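Reproduced below: structure_36.pdb, with PDB, C-alpha atoms.
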```
MODEL        1
ATOM      1  CA  MET A 296      74.081 186.915  88.720  1.00  0.00           C
ATOM      2  CA  ARG A 297      71.737 188.615  91.145  1.00  0.00           C
ATOM      3  CA  ILE A 298      68.160 187.761  90.164  1.00  0.00           C
ATOM      4  CA  GLY A 299      65.045 189.443  91.562  1.00  0.00           C
ATOM      5  CA  ILE A 300      61.718 187.612  91.372  1.00  0.00           C
ATOM      6  CA  PHE A 301      58.309 188.822  92.497  1.00  0.00           C
ATOM      7  CA  ASP A 302      54.709 187.688  92.734  1.00  0.00           C
ATOM      8  CA  SER A 303      51.617 188.346  94.825  1.00  0.00           C
ATOM      9  CA  GLY A 304      52.440 185.521  97.210  1.00  0.00           C
ATOM     10  CA  LEU A 305      53.476 181.875  97.100  1.00  0.00           C
ATOM     11  CA  GLY A 306      53.046 181.292  93.368  1.00  0.00           C
ATOM     12  CA  GLY A 307      56.321 182.804  92.239  1.00  0.00           C
ATOM     13  CA  LEU A 308      58.150 180.301  94.424  1.00  0.00           C
ATOM     14  CA  THR A 309      57.323 177.685  91.764  1.00  0.00           C
ATOM     15  CA  VAL A 310      59.330 179.764  89.279  1.00  0.00           C
ATOM     16  CA  LEU A 311      62.125 180.288  91.802  1.00  0.00           C
ATOM     17  CA  LYS A 312      62.266 176.548  92.483  1.00  0.00           C
ATOM     18  CA  SER A 313      62.543 175.722  88.766  1.00  0.00           C
ATOM     19  CA  LEU A 314      65.332 178.279  88.351  1.00  0.00           C
ATOM     20  CA  ILE A 315      67.302 176.994  91.333  1.00  0.00           C
ATOM     21  CA  GLU A 316      67.036 173.425  90.045  1.00  0.00           C
ATOM     22  CA  LYS A 317      68.532 174.434  86.689  1.00  0.00           C
ATOM     23  CA  TYR A 318      70.789 177.296  87.823  1.00  0.00           C
ATOM     24  CA  PRO A 319      71.744 176.587  91.450  1.00  0.00           C
ATOM     25  CA  ASN A 320      74.726 178.917  91.760  1.00  0.00           C
ATOM     26  CA  HIS A 321      73.153 182.364  91.559  1.00  0.00           C
ATOM     27  CA  GLN A 322      71.894 184.923  94.051  1.00  0.00           C
ATOM     28  CA  TYR A 323      68.099 185.048  94.245  1.00  0.00           C
ATOM     29  CA  TYR A 324      65.980 187.766  95.867  1.00  0.00           C
ATOM     30  CA  TYR A 325      62.282 186.955  96.100  1.00  0.00           C
ATOM     31  CA  PHE A 326      59.404 189.238  97.067  1.00  0.00           C
ATOM     32  CA  GLY A 327      55.862 187.968  97.679  1.00  0.00           C
ATOM     33  CA  ASP A 328      53.291 190.725  98.164  1.00  0.00           C
ATOM     34  CA  THR A 329      51.092 188.779 100.560  1.00  0.00           C
ATOM     35  CA  ILE A 330      49.538 191.886 102.084  1.00  0.00           C
ATOM     36  CA  ASN A 331      47.888 192.727  98.732  1.00  0.00           C
ATOM     37  CA  ILE A 332      46.983 189.259  97.511  1.00  0.00           C
ATOM     38  CA  PRO A 333      45.110 188.326  95.321  1.00  0.00           C
ATOM     39  CA  TYR A 334      46.348 190.390  92.365  1.00  0.00           C
ATOM     40  CA  GLY A 335      43.827 188.857  89.959  1.00  0.00           C
ATOM     41  CA  GLU A 336      40.970 191.006  91.264  1.00  0.00           C
ATOM     42  CA  LYS A 337      42.864 194.325  91.488  1.00  0.00           C
ATOM     43  CA  THR A 338      42.762 197.296  89.080  1.00  0.00           C
ATOM     44  CA  LYS A 339      45.611 198.056  86.688  1.00  0.00           C
ATOM     45  CA  GLU A 340      46.380 201.199  88.666  1.00  0.00           C
ATOM     46  CA  GLN A 341      46.748 199.201  91.873  1.00  0.00           C
ATOM     47  CA  LEU A 342      48.902 196.584  90.158  1.00  0.00           C
ATOM     48  CA  LEU A 343      51.185 199.266  88.742  1.00  0.00           C
ATOM     49  CA  GLN A 344      51.687 200.803  92.183  1.00  0.00           C
ATOM     50  CA  PHE A 345      52.467 197.418  93.740  1.00  0.00           C
ATOM     51  CA  SER A 346      54.879 196.578  90.908  1.00  0.00           C
ATOM     52  CA  ASP A 347      56.690 199.916  91.136  1.00  0.00           C
ATOM     53  CA  ASN A 348      57.222 199.477  94.875  1.00  0.00           C
ATOM     54  CA  ILE A 349      58.539 195.943  94.495  1.00  0.00           C
ATOM     55  CA  ILE A 350      60.790 196.661  91.512  1.00  0.00           C
ATOM     56  CA  ASN A 351      62.364 199.591  93.338  1.00  0.00           C
ATOM     57  CA  PHE A 352      62.961 197.364  96.361  1.00  0.00           C
ATOM     58  CA  LEU A 353      64.580 194.653  94.231  1.00  0.00           C
ATOM     59  CA  MET A 354      66.728 197.242  92.469  1.00  0.00           C
ATOM     60  CA  SER A 355      67.951 198.372  95.901  1.00  0.00           C
ATOM     61  CA  LYS A 356      69.340 194.832  96.199  1.00  0.00           C
ATOM     62  CA  LYS A 357      71.473 195.538  93.105  1.00  0.00           C
ATOM     63  CA  VAL A 358      69.846 192.800  91.039  1.00  0.00           C
ATOM     64  CA  ASP A 359      70.905 192.331  87.404  1.00  0.00           C
ATOM     65  CA  LEU A 360      67.613 190.851  86.228  1.00  0.00           C
ATOM     66  CA  ILE A 361      63.997 190.956  87.411  1.00  0.00           C
ATOM     67  CA  ILE A 362      61.521 188.185  86.659  1.00  0.00           C
ATOM     68  CA  ILE A 363      57.828 189.021  86.954  1.00  0.00           C
ATOM     69  CA  ALA A 364      56.700 185.646  88.311  1.00  0.00           C
ATOM     70  CA  CYS A 365      53.039 186.645  88.176  1.00  0.00           C
ATOM     71  CA  GLY A 366      50.738 185.943  85.246  1.00  0.00           C
ATOM     72  CA  THR A 367      48.453 188.860  86.088  1.00  0.00           C
ATOM     73  CA  ILE A 368      51.250 191.473  86.050  1.00  0.00           C
ATOM     74  CA  SER A 369      52.877 189.822  83.028  1.00  0.00           C
ATOM     75  CA  SER A 370      49.702 189.885  80.936  1.00  0.00           C
ATOM     76  CA  ASN A 371      48.657 193.431  81.833  1.00  0.00           C
ATOM     77  CA  LEU A 372      51.754 195.517  82.604  1.00  0.00           C
ATOM     78  CA  TYR A 373      54.860 193.833  81.196  1.00  0.00           C
ATOM     79  CA  ASP A 374      55.475 196.214  78.283  1.00  0.00           C
ATOM     80  CA  GLU A 375      54.940 199.264  80.478  1.00  0.00           C
ATOM     81  CA  LEU A 376      57.291 198.032  83.207  1.00  0.00           C
ATOM     82  CA  LYS A 377      59.934 196.836  80.744  1.00  0.00           C
ATOM     83  CA  ASN A 378      60.089 200.281  79.142  1.00  0.00           C
ATOM     84  CA  LYS A 379      59.960 202.161  82.443  1.00  0.00           C
ATOM     85  CA  TYR A 380      63.049 200.766  84.170  1.00  0.00           C
ATOM     86  CA  ASN A 381      66.702 200.678  83.178  1.00  0.00           C
ATOM     87  CA  ILE A 382      67.102 197.006  84.029  1.00  0.00           C
ATOM     88  CA  LYS A 383      66.372 193.783  82.187  1.00  0.00           C
ATOM     89  CA  ILE A 384      62.856 192.589  83.055  1.00  0.00           C
ATOM     90  CA  ILE A 385      61.320 189.372  81.779  1.00  0.00           C
ATOM     91  CA  ASP A 386      57.848 187.965  82.313  1.00  0.00           C
ATOM     92  CA  VAL A 387      56.281 184.514  82.516  1.00  0.00           C
ATOM     93  CA  ILE A 388      53.701 184.937  79.736  1.00  0.00           C
ATOM     94  CA  GLY A 389      56.070 185.650  76.823  1.00  0.00           C
ATOM     95  CA  PRO A 390      57.980 182.354  77.136  1.00  0.00           C
ATOM     96  CA  ILE A 391      54.679 180.433  77.311  1.00  0.00           C
ATOM     97  CA  ILE A 392      53.422 182.133  74.133  1.00  0.00           C
ATOM     98  CA  THR A 393      56.651 181.241  72.308  1.00  0.00           C
ATOM     99  CA  TYR A 394      56.424 177.658  73.544  1.00  0.00           C
ATOM    100  CA  LEU A 395      52.776 177.257  72.487  1.00  0.00           C
ATOM    101  CA  ASN A 396      53.300 178.740  69.013  1.00  0.00           C
ATOM    102  CA  ASN A 397      56.191 176.326  68.433  1.00  0.00           C
ATOM    103  CA  SER A 398      54.319 173.309  69.808  1.00  0.00           C
ATOM    104  CA  ASP A 399      52.147 170.738  68.036  1.00  0.00           C
ATOM    105  CA  TYR A 400      49.195 171.540  70.303  1.00  0.00           C
ATOM    106  CA  GLN A 401      46.156 172.805  68.360  1.00  0.00           C
ATOM    107  CA  ARG A 402      43.439 173.038  71.026  1.00  0.00           C
ATOM    108  CA  ILE A 403      44.806 174.676  74.158  1.00  0.00           C
ATOM    109  CA  GLY A 404      43.077 175.286  77.475  1.00  0.00           C
ATOM    110  CA  ILE A 405      44.127 178.220  79.647  1.00  0.00           C
ATOM    111  CA  ILE A 406      43.386 178.648  83.346  1.00  0.00           C
ATOM    112  CA  ALA A 407      44.445 181.900  84.985  1.00  0.00           C
ATOM    113  CA  THR A 408      43.273 184.800  87.131  1.00  0.00           C
ATOM    114  CA  THR A 409      40.355 186.973  86.062  1.00  0.00           C
ATOM    115  CA  MET A 410      42.672 189.834  85.020  1.00  0.00           C
ATOM    116  CA  THR A 411      44.846 187.575  82.862  1.00  0.00           C
ATOM    117  CA  ILE A 412      41.849 186.027  81.109  1.00  0.00           C
ATOM    118  CA  LYS A 413      40.272 189.462  80.536  1.00  0.00           C
ATOM    119  CA  SER A 414      43.483 190.673  78.868  1.00  0.00           C
ATOM    120  CA  LYS A 415      42.949 188.023  76.126  1.00  0.00           C
ATOM    121  CA  ILE A 416      46.723 187.904  75.719  1.00  0.00           C
ATOM    122  CA  PHE A 417      46.713 184.242  74.688  1.00  0.00           C
ATOM    123  CA  GLU A 418      43.919 184.706  72.142  1.00  0.00           C
ATOM    124  CA  LYS A 419      45.813 187.675  70.665  1.00  0.00           C
ATOM    125  CA  LYS A 420      49.281 186.125  70.513  1.00  0.00           C
ATOM    126  CA  VAL A 421      48.888 182.350  70.208  1.00  0.00           C
ATOM    127  CA  ASN A 422      47.970 181.079  66.748  1.00  0.00           C
ATOM    128  CA  LYS A 423      45.958 178.130  68.048  1.00  0.00           C
ATOM    129  CA  TYR A 424      42.398 177.418  69.203  1.00  0.00           C
ATOM    130  CA  ILE A 425      42.201 178.786  72.757  1.00  0.00           C
ATOM    131  CA  ILE A 426      39.670 177.948  75.462  1.00  0.00           C
ATOM    132  CA  SER A 427      40.214 180.109  78.545  1.00  0.00           C
ATOM    133  CA  VAL A 428      38.613 179.941  81.982  1.00  0.00           C
ATOM    134  CA  PRO A 429      39.141 182.394  84.871  1.00  0.00           C
ATOM    135  CA  CYS A 430      39.751 180.679  88.222  1.00  0.00           C
ATOM    136  CA  PRO A 431      39.511 183.468  90.825  1.00  0.00           C
ATOM    137  CA  MET A 432      39.180 181.187  93.861  1.00  0.00           C
ATOM    138  CA  PHE A 433      42.244 179.020  93.303  1.00  0.00           C
ATOM    139  CA  VAL A 434      44.775 181.561  94.627  1.00  0.00           C
ATOM    140  CA  PRO A 435      42.972 182.285  97.937  1.00  0.00           C
ATOM    141  CA  LEU A 436      42.379 178.568  98.484  1.00  0.00           C
ATOM    142  CA  ILE A 437      46.062 177.798  97.847  1.00  0.00           C
ATOM    143  CA  GLU A 438      47.327 180.669 100.005  1.00  0.00           C
ATOM    144  CA  ASN A 439      45.032 179.647 102.870  1.00  0.00           C
ATOM    145  CA  ASN A 440      46.018 175.981 102.565  1.00  0.00           C
ATOM    146  CA  LEU A 441      42.429 174.830 101.926  1.00  0.00           C
ATOM    147  CA  LEU A 442      43.181 172.149  99.336  1.00  0.00           C
ATOM    148  CA  ASP A 443      41.665 169.286 101.344  1.00  0.00           C
ATOM    149  CA  THR A 444      38.239 170.922 101.553  1.00  0.00           C
ATOM    150  CA  LEU A 445      34.959 170.281  99.772  1.00  0.00           C
ATOM    151  CA  GLU A 446      35.048 173.923  98.657  1.00  0.00           C
ATOM    152  CA  PHE A 447      38.278 173.326  96.719  1.00  0.00           C
ATOM    153  CA  GLU A 448      36.859 170.175  95.092  1.00  0.00           C
ATOM    154  CA  GLU A 449      33.750 172.089  94.007  1.00  0.00           C
ATOM    155  CA  PHE A 450      35.784 174.884  92.417  1.00  0.00           C
ATOM    156  CA  LEU A 451      38.105 172.352  90.762  1.00  0.00           C
ATOM    157  CA  ASP A 452      35.067 170.775  89.104  1.00  0.00           C
ATOM    158  CA  GLU A 453      33.516 174.150  88.219  1.00  0.00           C
ATOM    159  CA  TYR A 454      36.667 175.465  86.547  1.00  0.00           C
ATOM    160  CA  LEU A 455      37.937 172.310  84.828  1.00  0.00           C
ATOM    161  CA  SER A 456      34.851 170.311  83.786  1.00  0.00           C
ATOM    162  CA  ASN A 457      34.554 172.214  80.495  1.00  0.00           C
ATOM    163  CA  PHE A 458      38.001 171.042  79.382  1.00  0.00           C
ATOM    164  CA  LYS A 459      36.964 167.387  79.498  1.00  0.00           C
ATOM    165  CA  GLU A 460      34.226 168.046  76.937  1.00  0.00           C
ATOM    166  CA  LYS A 461      36.354 170.280  74.685  1.00  0.00           C
ATOM    167  CA  MET A 462      39.054 167.624  74.081  1.00  0.00           C
ATOM    168  CA  ILE A 463      42.015 169.959  74.580  1.00  0.00           C
ATOM    169  CA  ASP A 464      45.576 168.902  73.691  1.00  0.00           C
ATOM    170  CA  ALA A 465      47.171 170.702  76.660  1.00  0.00           C
ATOM    171  CA  LEU A 466      46.265 172.917  79.609  1.00  0.00           C
ATOM    172  CA  VAL A 467      48.323 176.002  80.433  1.00  0.00           C
ATOM    173  CA  LEU A 468      48.695 176.759  84.129  1.00  0.00           C
ATOM    174  CA  GLY A 469      48.475 180.498  83.484  1.00  0.00           C
ATOM    175  CA  CYS A 470      49.143 181.552  87.075  1.00  0.00           C
ATOM    176  CA  THR A 471      52.316 180.662  88.935  1.00  0.00           C
ATOM    177  CA  HIS A 472      50.245 179.485  91.919  1.00  0.00           C
ATOM    178  CA  TYR A 473      48.681 176.666  89.912  1.00  0.00           C
ATOM    179  CA  PRO A 474      51.686 174.284  89.849  1.00  0.00           C
ATOM    180  CA  LEU A 475      51.008 174.006  93.591  1.00  0.00           C
ATOM    181  CA  ILE A 476      47.788 172.140  92.668  1.00  0.00           C
ATOM    182  CA  LYS A 477      49.250 170.275  89.693  1.00  0.00           C
ATOM    183  CA  LYS A 478      48.644 166.917  91.382  1.00  0.00           C
ATOM    184  CA  GLN A 479      44.926 167.629  91.872  1.00  0.00           C
ATOM    185  CA  ILE A 480      44.549 168.964  88.317  1.00  0.00           C
ATOM    186  CA  LYS A 481      46.270 165.866  86.892  1.00  0.00           C
ATOM    187  CA  GLU A 482      43.994 163.587  88.882  1.00  0.00           C
ATOM    188  CA  TYR A 483      40.933 165.450  87.582  1.00  0.00           C
ATOM    189  CA  LEU A 484      41.928 165.731  83.900  1.00  0.00           C
ATOM    190  CA  GLY A 485      43.875 162.511  83.455  1.00  0.00           C
ATOM    191  CA  ASN A 486      46.559 162.405  80.763  1.00  0.00           C
ATOM    192  CA  ILE A 487      46.192 165.956  79.407  1.00  0.00           C
ATOM    193  CA  PRO A 488      49.671 167.603  79.393  1.00  0.00           C
ATOM    194  CA  LEU A 489      50.048 170.544  81.788  1.00  0.00           C
ATOM    195  CA  VAL A 490      52.191 173.533  80.745  1.00  0.00           C
ATOM    196  CA  ASP A 491      54.042 174.948  83.766  1.00  0.00           C
ATOM    197  CA  MET A 492      55.332 178.549  83.579  1.00  0.00           C
ATOM    198  CA  GLY A 493      58.263 177.933  85.903  1.00  0.00           C
ATOM    199  CA  GLU A 494      59.553 174.993  83.904  1.00  0.00           C
ATOM    200  CA  ILE A 495      59.184 176.837  80.589  1.00  0.00           C
ATOM    201  CA  ILE A 496      60.968 179.997  81.727  1.00  0.00           C
ATOM    202  CA  ALA A 497      63.828 177.998  83.284  1.00  0.00           C
ATOM    203  CA  ASN A 498      64.276 176.095  80.020  1.00  0.00           C
ATOM    204  CA  GLN A 499      64.203 179.238  77.859  1.00  0.00           C
ATOM    205  CA  LEU A 500      66.504 181.306  80.069  1.00  0.00           C
ATOM    206  CA  THR A 501      70.240 180.979  79.443  1.00  0.00           C
ATOM    207  CA  LEU A 502      72.452 181.733  82.436  1.00  0.00           C
ATOM    208  CA  GLN A 503      76.087 180.978  83.111  1.00  0.00           C
ATOM    209  CA  ASN A 504      76.434 179.070  86.353  1.00  0.00           C
ATOM    210  CA  GLU A 505      78.444 180.902  88.960  1.00  0.00           C
ATOM    211  CA  ASP A 506      80.109 179.846  92.201  1.00  0.00           C
ATOM    212  CA  THR A 507      77.879 181.311  94.891  1.00  0.00           C
ATOM    213  CA  PHE A 508      74.321 180.422  95.879  1.00  0.00           C
ATOM    214  CA  LYS A 509      72.335 182.878  97.957  1.00  0.00           C
ATOM    215  CA  MET A 510      68.617 183.316  98.539  1.00  0.00           C
ATOM    216  CA  GLU A 511      66.683 185.988 100.401  1.00  0.00           C
ATOM    217  CA  LEU A 512      62.919 185.600 100.772  1.00  0.00           C
ATOM    218  CA  TYR A 513      60.814 188.685 101.520  1.00  0.00           C
ATOM    219  CA  PHE A 514      57.056 188.911 102.016  1.00  0.00           C
ATOM    220  CA  SER A 515      54.966 191.973 102.818  1.00  0.00           C
ATOM    221  CA  LYS A 516      53.039 190.018 105.462  1.00  0.00           C
ATOM    222  CA  VAL A 517      54.387 187.009 107.350  1.00  0.00           C
ATOM    223  CA  ASP A 518      52.547 184.640 109.680  1.00  0.00           C
ATOM    224  CA  ASN A 519      53.042 181.047 110.813  1.00  0.00           C
ATOM    225  CA  LYS A 520      50.839 179.668 108.038  1.00  0.00           C
ATOM    226  CA  LEU A 521      52.926 181.437 105.386  1.00  0.00           C
ATOM    227  CA  ILE A 522      56.189 180.234 106.920  1.00  0.00           C
ATOM    228  CA  LYS A 523      54.948 176.636 106.860  1.00  0.00           C
ATOM    229  CA  ASN A 524      53.768 176.935 103.248  1.00  0.00           C
ATOM    230  CA  VAL A 525      57.029 178.519 102.082  1.00  0.00           C
ATOM    231  CA  HIS A 526      59.115 175.851 103.798  1.00  0.00           C
ATOM    232  CA  ASN A 527      56.990 173.112 102.190  1.00  0.00           C
ATOM    233  CA  ILE A 528      57.522 174.592  98.729  1.00  0.00           C
ATOM    234  CA  ILE A 529      61.134 175.765  98.702  1.00  0.00           C
ATOM    235  CA  GLY A 530      62.802 174.482 101.884  1.00  0.00           C
ATOM    236  CA  GLU A 531      63.518 175.889 105.329  1.00  0.00           C
ATOM    237  CA  TYR A 532      65.168 179.180 104.438  1.00  0.00           C
ATOM    238  CA  GLU A 533      64.868 182.291 106.565  1.00  0.00           C
ATOM    239  CA  ILE A 534      61.917 184.536 105.719  1.00  0.00           C
ATOM    240  CA  TYR A 535      61.888 188.311 106.146  1.00  0.00           C
ATOM    241  CA  GLU A 536      58.859 190.589 106.486  1.00  0.00           C
ATOM    242  CA  LYS A 537      59.168 193.776 104.454  1.00  0.00           C
ATOM    243  CA  LYS A 538      56.331 196.280 104.083  1.00  0.00           C
ATOM    244  CA  LEU A 539      56.720 198.577 101.083  1.00  0.00           C
TER     245      LEU A 539
ENDMDL
END
```

structure tokens encoding of this file:
Amino acid sequence: MRIGIFDSGLGGLTVLKSLIEKYPNHQYYYFGDTINIPYGEKTKEQLLQFSDNIINFLMSKKVDLIIIACGTISSNLYDELKNKYNIKIIDVIGPIITYLNNSDYQRIGIIATTMTIKSKIFEKKVNKYIISVPCPMFVPLIENNLLDTLEFEEFLDEYLSNFKEKMIDALVLGCTHYPLIKKQIKEYLGNIPLVDMGEIIANQLTLQNEDTFKMELYFSKVDNKLIKNVHNIIGEYEIYEKKL
């Protein structure tokens, strides 16, 4: 199967990695829109334009399935995009909602981009007690590889300190970038289970393994820092710059 995956930048690679680990013999086409990152602070109109451009590009690759590996697009535009295109499109929020509603967790923390939190999609669709916190600085700090800075530590404390007091049963990493700081979040929160979008979607998706593995990685803006980050996350595959 030819699978297209897109996100604003590095985050969707966490979904791609989970899929490759479970379904290694497929053809994957990834697009990271690094020229327009971060998506979490954009308008719906901007996000729709970006999504249209990327979906049309992925369809030109003759993909059979498109995965929106971006919590912001998934929470704000999934229904519109799904109904607009004659191709199967799945998102990363729906599988998380299904997982949470079927879980034993009663008090659930959500961290995500500002746009995702404002959509209130988890409060509307998850029948549990939800505590949600927008984390607008995490994506730029991750993309710029600033995780060893005092600034990152300060934002980690600002965004997560409330969850220690609220005694949550689990924390949803509601942006696909956040598994890239899973280690730091675990160290801060201790034994609270972390719900990872990539792992959930890989477990819920059913694909027949095929014989051929292929991966093409496209980004709208490529520099040496991006290349290093991509190689650290997914391995040393060739990276292509593609402006849409």

Residue among A:Leu308, A:Ile529, A:Leu451, A:Ile368 lying closest to Ile412 in chain A, counting all atoms listed in the file: A:Ile368

With the file shown as input, list the residues that the PyMOL selection byres ((chain A and resi 298) around 9) selects, as an MDAnalysis selection string. chainID A and resid 296:297 299:300 321:325 353 357:362

Determine the residue membership of the PyMOL selection byres ((chain A and resi 349) around 10) for the file above and supply it as a PyMOL selection string. chain A and resi 299-302+325-328+343-348+350-355+515+538-539

Box for range 380-394 of chain A - axis-aligned, 8 Å on each of the six sides, all listed atoms - centre and size in Å to one decimal, as JSON.
```
{"center_x": 60.3, "center_y": 189.2, "center_z": 78.2, "size_x": 29.7, "size_y": 39.1, "size_z": 27.9}
```

Near Leu475 in chain A, within 8 Å and counting only C-alpha atoms, which residues show up once chain neighbours fewer than 2 positions away are dropped, as a short mmCIF file (atom, residue, chain, number, x, y, z; two decimals) with C-alpha atoms, in the frame of the given file?
```cif
data_model
loop_
_atom_site.label_atom_id
_atom_site.label_comp_id
_atom_site.auth_asym_id
_atom_site.auth_seq_id
_atom_site.Cartn_x
_atom_site.Cartn_y
_atom_site.Cartn_z
CA GLY A 306 53.05 181.29 93.37
CA THR A 309 57.32 177.68 91.76
CA ILE A 437 46.06 177.80 97.85
CA HIS A 472 50.24 179.48 91.92
CA TYR A 473 48.68 176.67 89.91
CA LYS A 477 49.25 170.28 89.69
CA LYS A 478 48.64 166.92 91.38
#
```

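If you measure from each of A:Ile382, A:Asn371, A:Thr408, A:Ser398 to Thr471 in chain A using only C-alpha atoms, the closest one turns out to be A:Thr408.
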
Given the PyMOL selection byres ((chain A and resi 447) around 12) and the file above, list the residues it selects as a ChimeraX atom specification. /A:430-437,439-446,448-455,476,479-480

Which is closer to Tyr513 in chain A than all the others in A:Ile315, A:Val490, A:Ile385, A:Ile330, using only C-alpha atoms?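 Counting only C-alpha atoms, the residue closest to Tyr513 in chain A is A:Ile330.
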
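For the atom pair formed by CA of Ala465 in chain A and CA of Pro488 in chain A, the distance is 4.8 Å, given to one decimal.
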
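Reported to one decimal place, the separation of CA of Leu342 in chain A from CA of Thr411 in chain A is 12.3 Å.
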
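CA of Lys523 in chain A is positioned 26.3 Å from CA of Ile406 in chain A.
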
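For the set A:Leu500, A:Ser369, A:Lys459, A:Pro319, the residue with the smallest atom-to-atom gap to Tyr483 in chain A is A:Lys459, counting all atoms listed in the file.
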
Could you pull the residues within 12 Å of Glu533 in chain A, counting only C-alpha atoms, minus those fewer than 3 positions along the same chain, as a list in words?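 Contacts, in chain order: Tyr325, Lys509, Met510, Glu511, Leu512, Tyr513, Phe514, Val517, Ile522, Lys523, Val525, His526, Ile529, Gly530 and Glu536 of chain A.
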
Please identify all polymer residues within 8 Å of range 389-395 of chain A, counting all atoms listed in the file, omitting same-chain residues fewer than 6 positions from it, and present them as a list in words.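 Listed by chain and then number, they are Phe417, Lys420, Val421, Met492, Ile495, Ile496 and Gln499 of chain A.
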
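Each of A:Asn504, A:Asn457, A:Asn320, A:Ser303 was checked against Gly335 in chain A using only C-alpha atoms; the smallest atom-to-atom distance is that of A:Ser303.
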
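For the residues A:Glu494, A:Asp386, A:Asp399, A:Glu336, ranking by smallest atom-to-atom distance to Leu468 in chain A using all atoms listed in the file places A:Glu494 first.
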